[in-house]
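Read the structure below first, then the notes.
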Amino acid sequence: ALVSSDVAAMLARSMAGDSSSDVPGSSSEAEQGIVVESNFKVYAYTSGSHYVSLLKQFCRIITQLPNMVVGQLVADTVLQALAQGISIDNIVKFLETAAHPRAVKRVRDGSPIVPANVKNQLEVWESSKQRAKTREVVLFEWSLNEFDAEVEFAAAVEAAKSLKSLVFKGRGMHGHPWRVAVDLNGANDVRDIIRVTRKEAVERAAAEAAAKEAEARAAAEAEEAAAAEAAAAAAAAAVEAEPGAESSQTAVDAAPES
């Protein structure tokens with residue numbers, strides 16, 4: 001691994017393959033080395049048996065020939081190298097120390113061995129890794145048509161805020177579900193709050209249903225009582241009306257005798 005300031009030089013020397021022929025200024029060494037282009041391509045002219053493993057530390061290998069390896073500096077391989085403790089400074093020093101004579105000639109022409117745009121992008125990738133932080137979270141999710149989803153969502157958000165564990169919240173809309181992402185440390189407490197809220201909602205719904213049923217039953221009983229009362233009143237009225245009808249008939253029948 002590239003973990004110390006002299007590792008780059010050591011790796012550069014190892015690019016020559018046989019250490020017995022690894023003498024500065026020798027013809028073998030002069031014909032070998034690395035060229036980094038501004039398009040992020042890396043050309044390694046070497047017959048060393050382990051050059052691929054060295055370049056794989058931070059390069060994506062594109063082509064491998066007997067005397068040359070072509071690689072590409074890309075974000076994923078560079079970030080993997082950074083995760084293993086390899087710094088951008090290590091990579092740049094290695095590329096500079098192992099430079100091919102053609103790349104070294106750039107210095108005499110006033111240009112860096114590693115193109116400025118490549119070095120700048122490597123530094124950007126390194127800074128992005130330093131800024132990025134990861135942590136474990138638990139995602140709570142409710143579908144749009146789920147019972148009391150909005151109430152549980154609100155309770156979960158408030159609980160996560162009070163626990164300082166809220167990572168993300170998303171209101172259900174446009175086909176997207178309700179979502180709350182909570183830090184792992186506060187997930188159990190938020191889960192308990194959701195369970196309590198759900199239980200209360202079920203009990204509340206059951207109580208409301210029972211109240212509506214009782215209200216409907218009372219209304220039906222009142223309606224039946226009113227109907228019975230009306231029927232009784234009608235019957236009483238009919239009974240009261242019958243004697244008067246007989247008296248009138250009697251009076252009519254008695255009239256001819258007078």
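Starting from 1 in every chain, residues are counted up; chains themselves are A, B, ... following the order of the structure tokens, and ligands are numbered from 1 as listed.
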Can you list every residue in segment 121-160 of chain A that DSSP puts in strand (DSSP E or B), as a PyMOL selection string?
chain A and resi 137-142
Can I get the selection written as a CSV table (one decimal), in the first residue's frame, with C-alpha atoms?
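The result, stored in out_19.csv:
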chain,number,residue,atom,x,y,z
A,137,VAL,CA,-30.3,4.9,9.7
A,138,VAL,CA,-33.7,3.3,9.8
A,139,LEU,CA,-36.3,4.2,7.3
A,140,PHE,CA,-40.0,4.3,8.3
A,141,GLU,CA,-42.4,4.4,5.3
A,142,TRP,CA,-46.2,4.6,4.9
Extract the full set of helix (DSSP H, G or I) residues from segment 115-243 of chain A according to DSSP on the backbone, and format it as a count of residues only.
90
